[in-house]
>>> print(open('input26.tsv').read())   # TSV, C-alpha atoms and all ligand atoms
chain	number	residue	atom	x	y	z
X	1	MET	CA	57.38	-97.56	107.92
X	2	ARG	CA	58.46	-94.84	105.48
X	3	VAL	CA	61.25	-92.37	106.26
X	4	LYS	CA	61.82	-89.37	104.01
X	5	ILE	CA	64.91	-87.19	104.08
X	6	LEU	CA	63.47	-83.73	103.47
X	7	GLY	CA	66.79	-81.97	104.04
X	8	SER	CA	70.37	-83.24	104.08
X	9	ALA	CA	72.63	-80.19	104.50
X	10	ALA	CA	74.27	-78.77	107.61
X	11	GLY	CA	73.34	-75.33	108.97
X	12	GLY	CA	73.19	-72.74	106.20
X	13	GLY	CA	72.16	-75.24	103.52
X	14	PHE	CA	73.77	-75.68	100.12
X	15	PRO	CA	74.43	-73.18	98.69
X	16	GLN	CA	74.57	-70.91	101.73
X	17	TRP	CA	73.22	-67.38	101.26
X	18	ASN	CA	76.46	-65.61	102.21
X	19	CYS	CA	78.98	-68.13	100.90
X	20	ALA	CA	80.91	-68.25	97.65
X	21	CYS	CA	83.25	-71.11	98.54
X	22	THR	CA	84.25	-73.34	95.63
X	23	ASN	CA	81.22	-75.62	96.09
X	24	CYS	CA	78.62	-72.83	96.52
X	25	HIS	CA	80.07	-70.81	93.64
X	26	ARG	CA	80.23	-73.78	91.28
X	27	LEU	CA	76.71	-74.95	92.17
X	28	ARG	CA	75.38	-71.48	91.37
X	29	ASP	CA	77.18	-71.19	88.04
X	30	GLY	CA	76.13	-74.70	87.04
X	31	SER	CA	79.63	-76.20	86.78
X	32	LEU	CA	79.32	-78.57	89.79
X	33	LEU	CA	77.89	-82.05	89.34
X	34	GLY	CA	75.70	-82.15	92.44
X	35	THR	CA	72.44	-80.85	93.86
X	36	SER	CA	71.34	-78.07	96.20
X	37	ARG	CA	70.31	-79.21	99.64
X	38	THR	CA	68.14	-77.79	102.43
X	39	GLN	CA	68.99	-78.09	106.12
X	40	THR	CA	68.73	-81.52	107.73
X	41	GLN	CA	65.16	-82.69	108.25
X	42	LEU	CA	63.49	-86.11	108.42
X	43	ALA	CA	59.84	-87.15	108.32
X	44	TRP	CA	58.42	-90.60	108.94
X	45	SER	CA	55.10	-92.33	108.65
X	46	ALA	CA	54.23	-95.59	110.36
X	47	VAL	CA	50.47	-95.00	110.33
X	48	PRO	CA	48.75	-94.30	106.99
X	49	GLY	CA	47.93	-90.60	106.61
X	50	GLN	CA	49.94	-89.54	109.65
X	51	TRP	CA	53.44	-88.06	109.55
X	52	SER	CA	55.92	-87.01	112.20
X	53	LEU	CA	59.02	-84.87	111.99
X	54	LEU	CA	62.50	-85.44	113.30
X	55	ASN	CA	64.14	-82.00	113.67
X	56	ALA	CA	62.35	-78.74	112.96
X	57	SER	CA	64.65	-77.15	110.41
X	58	PRO	CA	64.62	-73.48	109.37
X	59	ASP	CA	63.69	-74.75	105.85
X	60	LEU	CA	60.61	-76.61	107.05
X	61	ARG	CA	58.05	-74.58	105.08
X	62	THR	CA	59.80	-75.28	101.77
X	63	GLN	CA	60.39	-78.90	102.75
X	64	ILE	CA	56.68	-79.45	103.51
X	65	GLU	CA	55.66	-77.83	100.22
X	66	SER	CA	58.12	-80.11	98.37
X	67	THR	CA	56.56	-83.25	99.88
X	68	SER	CA	52.98	-83.97	98.79
X	69	GLU	CA	52.45	-86.46	101.65
X	70	LEU	CA	52.73	-83.55	104.09
X	71	TRP	CA	50.14	-81.34	102.41
X	72	PRO	CA	46.77	-80.61	104.05
X	73	ARG	CA	43.75	-82.42	102.61
X	74	ASP	CA	39.99	-82.25	102.75
X	75	GLY	CA	39.67	-78.60	101.75
X	76	GLY	CA	40.27	-77.11	105.16
X	77	ARG	CA	42.92	-76.12	107.66
X	78	GLU	CA	44.67	-79.28	108.81
X	79	SER	CA	47.92	-81.16	108.46
X	80	PRO	CA	49.01	-84.81	108.56
X	81	ILE	CA	51.86	-83.69	110.89
X	82	ARG	CA	51.17	-84.88	114.42
X	83	ASP	CA	54.51	-85.00	116.25
X	84	VAL	CA	57.94	-83.37	116.19
X	85	VAL	CA	61.02	-84.91	117.85
X	86	LEU	CA	63.89	-82.54	118.73
X	87	PRO	CA	67.41	-83.95	119.30
X	88	SER	CA	68.78	-80.66	120.70
X	89	ALA	CA	67.99	-76.96	121.13
X	90	GLU	CA	70.30	-75.90	118.27
X	91	LEU	CA	68.66	-73.30	116.05
X	92	ASP	CA	69.03	-75.53	112.99
X	93	GLN	CA	66.92	-78.14	114.77
X	94	VAL	CA	64.22	-75.98	116.37
X	95	LEU	CA	63.60	-72.83	114.30
X	96	GLY	CA	61.09	-74.67	112.11
X	97	LEU	CA	58.77	-75.00	115.13
X	98	LEU	CA	57.98	-71.30	114.76
X	99	LEU	CA	56.79	-71.99	111.20
X	100	LEU	CA	54.19	-74.45	112.54
X	101	ARG	CA	52.39	-71.78	114.59
X	102	GLU	CA	49.28	-71.37	112.41
X	103	PHE	CA	46.74	-72.66	114.93
X	104	HIS	CA	47.62	-76.32	114.44
X	105	SER	CA	47.77	-78.68	117.43
X	106	PHE	CA	50.72	-81.05	117.65
X	107	ARG	CA	53.11	-82.68	120.12
X	108	VAL	CA	56.78	-81.80	120.60
X	109	HIS	CA	59.11	-84.39	122.11
X	110	ALA	CA	62.33	-83.09	123.67
X	111	THR	CA	64.52	-83.73	126.69
X	112	PRO	CA	63.39	-81.79	129.79
X	113	SER	CA	66.35	-79.39	129.51
X	114	VAL	CA	65.67	-78.61	125.85
X	115	ARG	CA	61.99	-78.03	126.67
X	116	LYS	CA	62.94	-75.62	129.46
X	117	VAL	CA	65.40	-73.69	127.30
X	118	LEU	CA	62.79	-73.19	124.59
X	119	THR	CA	59.62	-72.61	126.62
X	120	GLU	CA	60.95	-70.86	129.75
X	121	ASP	CA	63.89	-68.83	128.43
X	122	ASN	CA	62.75	-67.77	124.96
X	123	SER	CA	59.45	-65.88	124.79
X	124	LEU	CA	59.45	-66.19	120.98
X	125	PHE	CA	58.23	-69.75	121.46
X	126	ASP	CA	55.09	-68.40	123.19
X	127	VAL	CA	53.62	-68.31	119.65
X	128	LEU	CA	53.17	-72.05	120.17
X	129	ALA	CA	51.00	-71.47	123.26
X	130	ARG	CA	48.40	-69.07	121.90
X	131	PHE	CA	45.51	-71.37	122.75
X	132	SER	CA	45.06	-74.20	125.18
X	133	GLY	CA	46.35	-77.48	123.75
X	134	GLN	CA	48.17	-75.91	120.79
X	135	VAL	CA	51.46	-77.64	121.52
X	136	ASN	CA	51.71	-80.50	123.95
X	137	TRP	CA	55.32	-80.91	125.18
X	138	GLN	CA	56.41	-84.46	126.00
X	139	ASP	CA	59.65	-85.23	127.85
X	140	ILE	CA	62.03	-87.68	126.16
X	141	PRO	CA	63.37	-90.21	128.70
X	142	LEU	CA	67.10	-90.99	128.43
X	143	ASN	CA	66.92	-94.41	130.03
X	144	GLN	CA	63.99	-96.16	128.36
X	145	PRO	CA	62.38	-96.48	124.94
X	146	PHE	CA	59.46	-94.26	124.03
X	147	SER	CA	56.87	-94.25	121.23
X	148	VAL	CA	56.04	-91.48	118.80
X	149	GLY	CA	53.73	-91.72	115.80
X	150	GLY	CA	53.88	-95.50	115.46
X	151	ALA	CA	57.66	-95.64	115.88
X	152	ARG	CA	59.74	-96.83	118.80
X	153	PHE	CA	62.56	-94.52	119.83
X	154	GLU	CA	65.61	-94.82	122.01
X	155	ALA	CA	67.66	-91.78	122.99
X	156	LEU	CA	71.45	-92.02	122.82
X	157	PRO	CA	73.01	-89.23	124.93
X	158	LEU	CA	76.00	-87.85	123.05
X	159	PRO	CA	78.92	-85.74	124.19
X	160	GLY	CA	77.83	-82.23	123.33
X	161	SER	CA	76.88	-78.91	124.82
X	162	PHE	CA	73.87	-76.64	124.89
X	163	PRO	CA	73.76	-73.94	122.19
X	164	GLY	CA	75.70	-70.72	122.75
X	165	PHE	CA	72.48	-68.78	123.45
X	166	VAL	CA	72.01	-70.74	126.70
X	167	SER	CA	73.83	-68.76	129.41
X	168	ALA	CA	76.55	-70.38	131.53
X	169	SER	CA	74.49	-69.89	134.70
X	170	ARG	CA	71.42	-71.47	133.09
X	171	GLN	CA	73.52	-74.44	131.94
X	172	THR	CA	74.43	-75.24	135.55
X	173	GLU	CA	70.71	-75.83	136.20
X	174	LEU	CA	70.31	-78.23	133.28
X	175	ASN	CA	71.20	-81.90	132.82
X	176	PRO	CA	74.26	-81.99	130.49
X	177	GLN	CA	73.11	-85.40	129.18
X	178	ASP	CA	69.99	-83.66	127.83
X	179	ALA	CA	71.97	-81.35	125.53
X	180	VAL	CA	72.39	-83.52	122.41
X	181	ILE	CA	70.88	-86.93	121.75
X	182	GLY	CA	71.15	-89.35	118.88
X	183	LEU	CA	68.09	-91.46	118.15
X	184	LEU	CA	67.41	-95.10	117.31
X	185	ILE	CA	64.13	-95.50	115.44
X	186	SER	CA	62.22	-98.66	114.58
X	187	PRO	CA	58.64	-99.49	113.69
X	188	ASP	CA	56.64	-99.92	116.89
X	189	SER	CA	55.48	-103.55	116.74
X	190	ARG	CA	52.52	-102.79	119.03
X	191	ALA	CA	51.33	-99.97	116.77
X	192	ASN	CA	51.71	-102.19	113.74
X	193	SER	CA	50.16	-105.19	115.49
X	194	SER	CA	52.83	-107.57	114.24
X	195	GLU	CA	55.27	-109.74	116.11
X	196	ASP	CA	58.06	-109.14	113.68
X	197	SER	CA	61.24	-110.29	115.39
X	198	SER	CA	63.39	-108.96	112.57
X	199	GLN	CA	62.62	-105.40	113.56
X	200	ARG	CA	64.66	-102.93	111.60
X	201	THR	CA	66.39	-99.97	113.20
X	202	LEU	CA	67.60	-96.63	111.86
X	203	ALA	CA	70.20	-94.58	113.75
X	204	PHE	CA	70.05	-90.79	113.35
X	205	LEU	CA	73.33	-89.14	114.40
X	206	PRO	CA	73.83	-85.87	112.50
X	207	GLY	CA	76.25	-84.35	115.04
X	208	VAL	CA	78.85	-86.59	116.70
X	209	GLY	CA	82.32	-85.42	117.73
X	210	CYS	CA	83.62	-88.75	118.99
X	211	VAL	CA	82.30	-92.32	118.97
X	212	SER	CA	82.60	-94.45	122.12
X	213	ASP	CA	83.02	-98.23	121.96
X	214	THR	CA	79.51	-98.54	123.38
X	215	LEU	CA	78.06	-96.40	120.60
X	216	LEU	CA	80.04	-98.30	117.97
X	217	GLY	CA	78.62	-101.55	119.35
X	218	THR	CA	75.09	-100.18	119.16
X	219	LEU	CA	75.58	-99.08	115.56
X	220	GLN	CA	76.85	-102.56	114.55
X	221	ASN	CA	73.33	-103.83	115.01
X	222	CYS	CA	71.32	-101.19	113.21
X	223	ASP	CA	70.11	-101.46	109.63
X	224	ILE	CA	70.39	-97.87	108.43
X	225	LEU	CA	72.95	-95.42	109.76
X	226	LEU	CA	72.42	-91.71	109.05
X	227	PHE	CA	75.70	-90.27	110.28
X	228	ASP	CA	77.41	-86.90	110.62
X	229	GLY	CA	78.75	-85.92	107.19
X	230	THR	CA	79.43	-82.29	108.07
X	231	PHE	CA	83.14	-81.98	107.28
X	232	TRP	CA	85.58	-83.94	105.14
X	233	SER	CA	88.66	-82.99	107.21
X	234	ASP	CA	89.29	-81.87	110.77
X	235	ASP	CA	90.79	-78.51	109.72
X	236	GLU	CA	88.12	-77.73	107.09
X	237	PRO	CA	86.13	-75.31	109.31
X	238	LEU	CA	89.33	-73.35	110.08
X	239	ARG	CA	89.25	-72.18	106.45
X	240	ILE	CA	85.80	-70.62	106.98
X	241	PRO	CA	86.10	-66.94	108.01
X	242	GLY	CA	85.08	-66.46	111.64
X	243	ILE	CA	85.45	-70.10	112.73
X	244	THR	CA	88.41	-70.91	115.00
X	245	ARG	CA	87.57	-74.49	115.95
X	246	THR	CA	88.33	-77.80	114.24
X	247	ALA	CA	85.58	-80.16	113.13
X	248	ARG	CA	86.04	-82.32	116.23
X	249	GLN	CA	86.01	-79.24	118.49
X	250	MET	CA	82.70	-78.26	116.87
X	251	GLY	CA	81.27	-81.71	117.69
X	252	HIS	CA	81.61	-83.19	114.20
X	253	LEU	CA	83.80	-86.21	113.49
X	254	PRO	CA	85.47	-85.61	110.10
X	255	LEU	CA	85.09	-88.23	107.37
X	256	SER	CA	88.79	-88.48	106.50
X	257	GLY	CA	92.03	-88.90	108.42
X	258	PRO	CA	93.00	-91.14	111.34
X	259	GLY	CA	89.97	-91.98	113.45
X	260	GLY	CA	87.64	-90.31	110.95
X	261	SER	CA	84.30	-91.92	110.19
X	262	LEU	CA	85.46	-93.68	106.99
X	263	GLU	CA	88.17	-95.48	108.97
X	264	LEU	CA	86.16	-95.94	112.16
X	265	PHE	CA	83.15	-97.55	110.47
X	266	ALA	CA	85.08	-99.57	107.87
X	267	THR	CA	84.25	-102.78	109.73
X	268	LEU	CA	80.55	-101.98	110.08
X	269	ARG	CA	78.95	-104.55	107.77
X	270	ARG	CA	75.27	-104.64	108.63
X	271	PRO	CA	73.96	-101.09	108.26
X	272	ARG	CA	73.35	-99.22	105.06
X	273	LYS	CA	75.64	-96.24	105.70
X	274	ILE	CA	74.54	-92.75	104.64
X	275	PHE	CA	76.18	-89.40	105.36
X	276	ILE	CA	73.77	-86.58	106.26
X	277	HIS	CA	74.15	-83.00	107.59
X	278	ILE	CA	76.69	-82.15	104.91
X	279	ASN	CA	78.31	-78.73	105.12
X	280	ASN	CA	78.54	-76.68	101.92
X	281	THR	CA	82.36	-76.75	102.12
X	282	ASN	CA	82.52	-80.58	102.05
X	283	PRO	CA	84.07	-81.81	98.76
X	284	ILE	CA	81.77	-84.90	98.71
X	285	LEU	CA	79.01	-82.58	97.43
X	286	ASP	CA	80.89	-82.59	94.11
X	287	GLU	CA	80.08	-85.96	92.53
X	288	GLU	CA	83.13	-85.70	90.27
X	289	SER	CA	85.53	-85.24	93.21
X	290	THR	CA	88.07	-87.75	94.47
X	291	GLU	CA	86.51	-87.47	97.91
X	292	TYR	CA	83.04	-88.42	96.59
X	293	ARG	CA	84.54	-91.45	94.85
X	294	MET	CA	86.36	-92.48	98.05
X	295	VAL	CA	83.12	-92.30	100.04
X	296	ARG	CA	81.22	-94.40	97.50
X	297	GLU	CA	84.04	-96.97	97.25
X	298	ALA	CA	83.97	-97.26	101.06
X	299	GLY	CA	80.32	-98.31	100.80
X	300	TRP	CA	78.74	-95.04	101.92
X	301	GLU	CA	75.95	-93.08	100.30
X	302	VAL	CA	75.53	-89.32	100.43
X	303	ALA	CA	72.04	-88.23	101.48
X	304	HIS	CA	70.12	-85.90	99.22
X	305	ASP	CA	66.83	-84.08	99.67
X	306	GLY	CA	63.88	-86.29	98.75
X	307	MET	CA	65.68	-89.59	99.51
X	308	GLU	CA	63.27	-92.21	100.82
X	309	LEU	CA	64.06	-95.13	103.14
X	310	THR	CA	61.95	-98.04	104.31
X	311	LEU	CA	62.16	-99.57	107.77
X	401	ZN	ZN	79.89	-72.45	100.62
>>> encode(input="input26.tsv", output="structure tokens", more="lines below")
Ligand SMILES: [Zn+2]
Amino acid sequence: MRVKILGSAAGGGFPQWNCACTNCHRLRDGSLLGTSRTQTQLAWSAVPGQWSLLNASPDLRTQIESTSELWPRDGGRESPIRDVVLPSAELDQVLGLLLLREFHSFRVHATPSVRKVLTEDNSLFDVLARFSGQVNWQDIPLNQPFSVGGARFEALPLPGSFPGFVSASRQTELNPQDAVIGLLISPDSRANSSEDSSQRTLAFLPGVGCVSDTLLGTLQNCDILLFDGTFWSDDEPLRIPGITRTARQMGHLPLSGPGGSLELFATLRRPRKIFIHINNTNPILDEESTEYRMVREAGWEVAHDGMELTL
């Protein structure tokens, strides 16, 4: 099973259109050793010729055009993209759905609350229901594994809230456990007709504010961990004009400091550890920085667009 990281940045991308922070400025003037990044997006293929998406990022059109495996073939209107899995209703994870509206049939997998928010409360998403069977919505169960595109998934409900555009009264009607999920992904042995007992698992957790002992235990046993790399320090977002919350208050565990992800996962030996969803203010984007060196010495990698993983 192939997994491609099409985008590795947090919301806004790197550089961000309205940002001239040290990183964005230096990337633009060519003095930063590092690469631009689009907003977080994964694609996987467990069946030859078929691809599925995890997230639907606002950069999806560019990401598809940058990935030849996702191009249409056979001289007509078609796409190898069959399924899209949504971990939340955040704009950075759903806006790309609107870019897939060109009369292509596909399935969208989301928790029931996320489906309701998008299809019942936001008429913009009616562009995905212009003909019968255009988009087939499938509910993600929180308490049992489910299969998508030749992969086996397990939802991990995370502490988190619905996006700010969901009204307080609407939120009372929704299941709070549906708001944000992490995902465990492994090749579906039935789809691959093998009895491979050494099944490999990837954990996708781009937005996690705190890690419970249960979650930590689950992550001990996975093979690839794609974890929240949004902010280096807890107070980093406070230096961004307009933001009044710390990283943890925004639902992102910082990398550094007491209880940060570098410390918390120091004992995690099995998984290959990769930071994803990296905000443009994070100093690890500068490969000559002390912070980048600390991350690498702690055994972590920093995801970049185009990175490919095998499960
Ligand atoms: Zn910036």
>>> residues_near_ligand(input="input26.tsv", ligand="ligand ZN 401 (chain X)", cutoff="9 Å", atoms="only C-alpha atoms and all ligand atoms", output="list in words")
Gly12, Gly13, Phe14, Pro15, Gln16, Trp17, Asn18, Cys19, Ala20, Cys21, Thr22, Asn23, Cys24, His25, Ile240, Asn279, Asn280, Thr281 and Asn282 of chain X
>>> write_last_selection(input="input26.tsv", atoms="C-alpha atoms", output="compact mmCIF listing (two decimals), keeping the file's coordinate frame")
# COMPACT_ATOMS: atom_id res chain seq x y z
CA GLY X 12 73.19 -72.74 106.20
CA GLY X 13 72.16 -75.24 103.52
CA PHE X 14 73.77 -75.68 100.12
CA PRO X 15 74.43 -73.18 98.69
CA GLN X 16 74.57 -70.91 101.73
CA TRP X 17 73.22 -67.38 101.26
CA ASN X 18 76.46 -65.61 102.21
CA CYS X 19 78.98 -68.13 100.90
CA ALA X 20 80.91 -68.25 97.65
CA CYS X 21 83.25 -71.11 98.54
CA THR X 22 84.25 -73.34 95.63
CA ASN X 23 81.22 -75.62 96.09
CA CYS X 24 78.62 -72.83 96.52
CA HIS X 25 80.07 -70.81 93.64
CA ILE X 240 85.80 -70.62 106.98
CA ASN X 279 78.31 -78.73 105.12
CA ASN X 280 78.54 -76.68 101.92
CA THR X 281 82.36 -76.75 102.12
CA ASN X 282 82.52 -80.58 102.05
>>> closest_residue(input="input26.tsv", among="X:Ala203, X:Arg101, X:Arg269, X:Ile181", to="Phe125 in chain X", atoms="only C-alpha atoms")
X:Arg101
>>> closest_residue(input="input26.tsv", among="X:Lys116, X:Arg152, X:Arg37, X:Arg200", to="Ala9 in chain X", atoms="only C-alpha atoms")
X:Arg37
>>> closest_residue(input="input26.tsv", among="X:Met307, X:Val114, X:Ala129, X:Ala46", to="Leu100 in chain X", atoms="only C-alpha atoms")
X:Ala129
>>> residues_around(input="input26.tsv", residues="Glu291 in chain X", least_positions_apart="5", cutoff="10 Å", atoms="all atoms listed in the file", output="number ranges by chain")
X: 232, 255-256, 282-286, 296-297
>>> closest_residue(input="input26.tsv", among="X:Glu69, X:Asp228, X:Asp83, X:Asp213", to="Ser105 in chain X", atoms="all atoms listed in the file")
X:Asp83
>>> residues_near_point(input="input26.tsv", point="(74.1, -87.2, 107.8)", cutoff="8 Å", atoms="only C-alpha atoms", output="PyMOL selection string")
chain X and resi 8-9+40+204-206+226-230+274-278+302-303
>>> axis_aligned_box(input="input26.tsv", around="range 197-214 of chain X", padding_each_side="5 Å", output="JSON")
{"center_x": 72.4, "center_y": -97.3, "center_z": 117.5, "size_x": 32.4, "size_y": 35.9, "size_z": 21.8}
>>> atom_distance(input="input26.tsv", atom1="CA of Leu253 in chain X", atom2="CA of Pro163 in chain X")
18.1 Å
>>> closest_residue(input="input26.tsv", among="X:Leu216, X:Met250, X:Leu27, X:Val148", to="Gly164 in chain X", atoms="all atoms listed in the file")
X:Met250
>>> closest_residue(input="input26.tsv", among="X:Leu142, X:Val208, X:Leu202, X:Val84", to="Gln249 in chain X", atoms="only C-alpha atoms")
X:Val208
>>> residues_around(input="input26.tsv", residues="Leu268 in chain X", least_positions_apart="3", cutoff="9 Å", atoms="only C-alpha atoms", output="JSON list (two decimals) with C-alpha atoms, keeping the file's coordinate frame")
[["chain", "number", "residue", "atom", "x", "y", "z"],
["X", 216, "LEU", "CA", 80.04, -98.30, 117.97],
["X", 219, "LEU", "CA", 75.58, -99.08, 115.56],
["X", 220, "GLN", "CA", 76.85, -102.56, 114.55],
["X", 221, "ASN", "CA", 73.33, -103.83, 115.01],
["X", 264, "LEU", "CA", 86.16, -95.94, 112.16],
["X", 265, "PHE", "CA", 83.15, -97.55, 110.47],
["X", 271, "PRO", "CA", 73.96, -101.09, 108.26],
["X", 273, "LYS", "CA", 75.64, -96.24, 105.70]]
>>> residues_near_point(input="input26.tsv", point="(87.6, -90.1, 102.8)", cutoff="9 Å", atoms="all atoms listed in the file", output="list of chain:residue names")
X:Trp232, X:Ser233, X:Pro254, X:Leu255, X:Ser256, X:Gly257, X:Gly260, X:Ser261, X:Leu262, X:Glu263, X:Ile284, X:Thr290, X:Glu291, X:Tyr292, X:Arg293, X:Met294, X:Val295, X:Ala298
>>> atom_distance(input="input26.tsv", atom1="CA of Ser132 in chain X", atom2="CA of Glu102 in chain X")
13.7 Å
>>> build_atoms(input="input26.tsv", residues="range 79-103 of chain X", atoms="N, CA and C atoms", output="short mmCIF file (atom, residue, chain, number, x, y, z; two decimals), keeping the file's coordinate frame")
data_model
loop_
_atom_site.label_atom_id
_atom_site.label_comp_id
_atom_site.auth_asym_id
_atom_site.auth_seq_id
_atom_site.Cartn_x
_atom_site.Cartn_y
_atom_site.Cartn_z
N SER X 79 46.62 -80.67 108.92
CA SER X 79 47.92 -81.16 108.46
C SER X 79 48.08 -82.59 108.91
N PRO X 80 48.73 -83.44 108.09
CA PRO X 80 49.01 -84.81 108.56
C PRO X 80 50.13 -84.86 109.59
N ILE X 81 50.74 -83.71 109.93
CA ILE X 81 51.86 -83.69 110.89
C ILE X 81 51.32 -83.69 112.31
N ARG X 82 51.70 -84.72 113.07
CA ARG X 82 51.17 -84.88 114.42
C ARG X 82 52.22 -84.65 115.51
N ASP X 83 53.47 -85.01 115.21
CA ASP X 83 54.51 -85.00 116.25
C ASP X 83 55.81 -84.44 115.68
N VAL X 84 56.60 -83.83 116.56
CA VAL X 84 57.94 -83.37 116.19
C VAL X 84 58.90 -83.83 117.29
N VAL X 85 60.00 -84.47 116.90
CA VAL X 85 61.02 -84.91 117.85
C VAL X 85 62.25 -84.03 117.68
N LEU X 86 62.74 -83.45 118.79
CA LEU X 86 63.89 -82.54 118.73
C LEU X 86 65.10 -83.19 119.40
N PRO X 87 66.22 -83.35 118.68
CA PRO X 87 67.41 -83.95 119.30
C PRO X 87 68.26 -82.96 120.09
N SER X 88 68.01 -81.65 119.95
CA SER X 88 68.78 -80.66 120.70
C SER X 88 68.03 -79.34 120.62
N ALA X 89 68.61 -78.29 121.22
CA ALA X 89 67.99 -76.96 121.13
C ALA X 89 68.71 -76.08 120.11
N GLU X 90 69.61 -76.67 119.29
CA GLU X 90 70.30 -75.90 118.27
C GLU X 90 69.30 -75.25 117.32
N LEU X 91 69.59 -74.03 116.91
CA LEU X 91 68.66 -73.30 116.05
C LEU X 91 68.30 -74.09 114.80
N ASP X 92 69.29 -74.78 114.22
CA ASP X 92 69.03 -75.53 112.99
C ASP X 92 68.04 -76.67 113.21
N GLN X 93 67.82 -77.02 114.48
CA GLN X 93 66.92 -78.14 114.77
C GLN X 93 65.60 -77.70 115.39
N VAL X 94 65.46 -76.41 115.70
CA VAL X 94 64.22 -75.98 116.37
C VAL X 94 63.51 -74.80 115.69
N LEU X 95 64.22 -74.04 114.85
CA LEU X 95 63.60 -72.83 114.30
C LEU X 95 62.32 -73.13 113.52
N GLY X 96 62.27 -74.30 112.89
CA GLY X 96 61.09 -74.67 112.11
C GLY X 96 59.81 -74.76 112.94
N LEU X 97 59.96 -74.96 114.27
CA LEU X 97 58.77 -75.00 115.13
C LEU X 97 57.96 -73.72 114.98
N LEU X 98 58.67 -72.59 114.84
CA LEU X 98 57.98 -71.30 114.76
C LEU X 98 57.16 -71.20 113.47
N LEU X 99 57.53 -72.01 112.48
CA LEU X 99 56.79 -71.99 111.20
C LEU X 99 55.51 -72.83 111.28
N LEU X 100 55.37 -73.58 112.37
CA LEU X 100 54.19 -74.45 112.54
C LEU X 100 53.17 -73.80 113.47
N ARG X 101 53.18 -72.46 113.56
CA ARG X 101 52.39 -71.78 114.59
C ARG X 101 50.97 -71.44 114.16
N GLU X 102 50.57 -71.86 112.95
CA GLU X 102 49.28 -71.37 112.41
C GLU X 102 48.09 -72.15 112.96
N PHE X 103 47.91 -72.08 114.26
CA PHE X 103 46.74 -72.66 114.93
C PHE X 103 46.55 -74.14 114.61
#
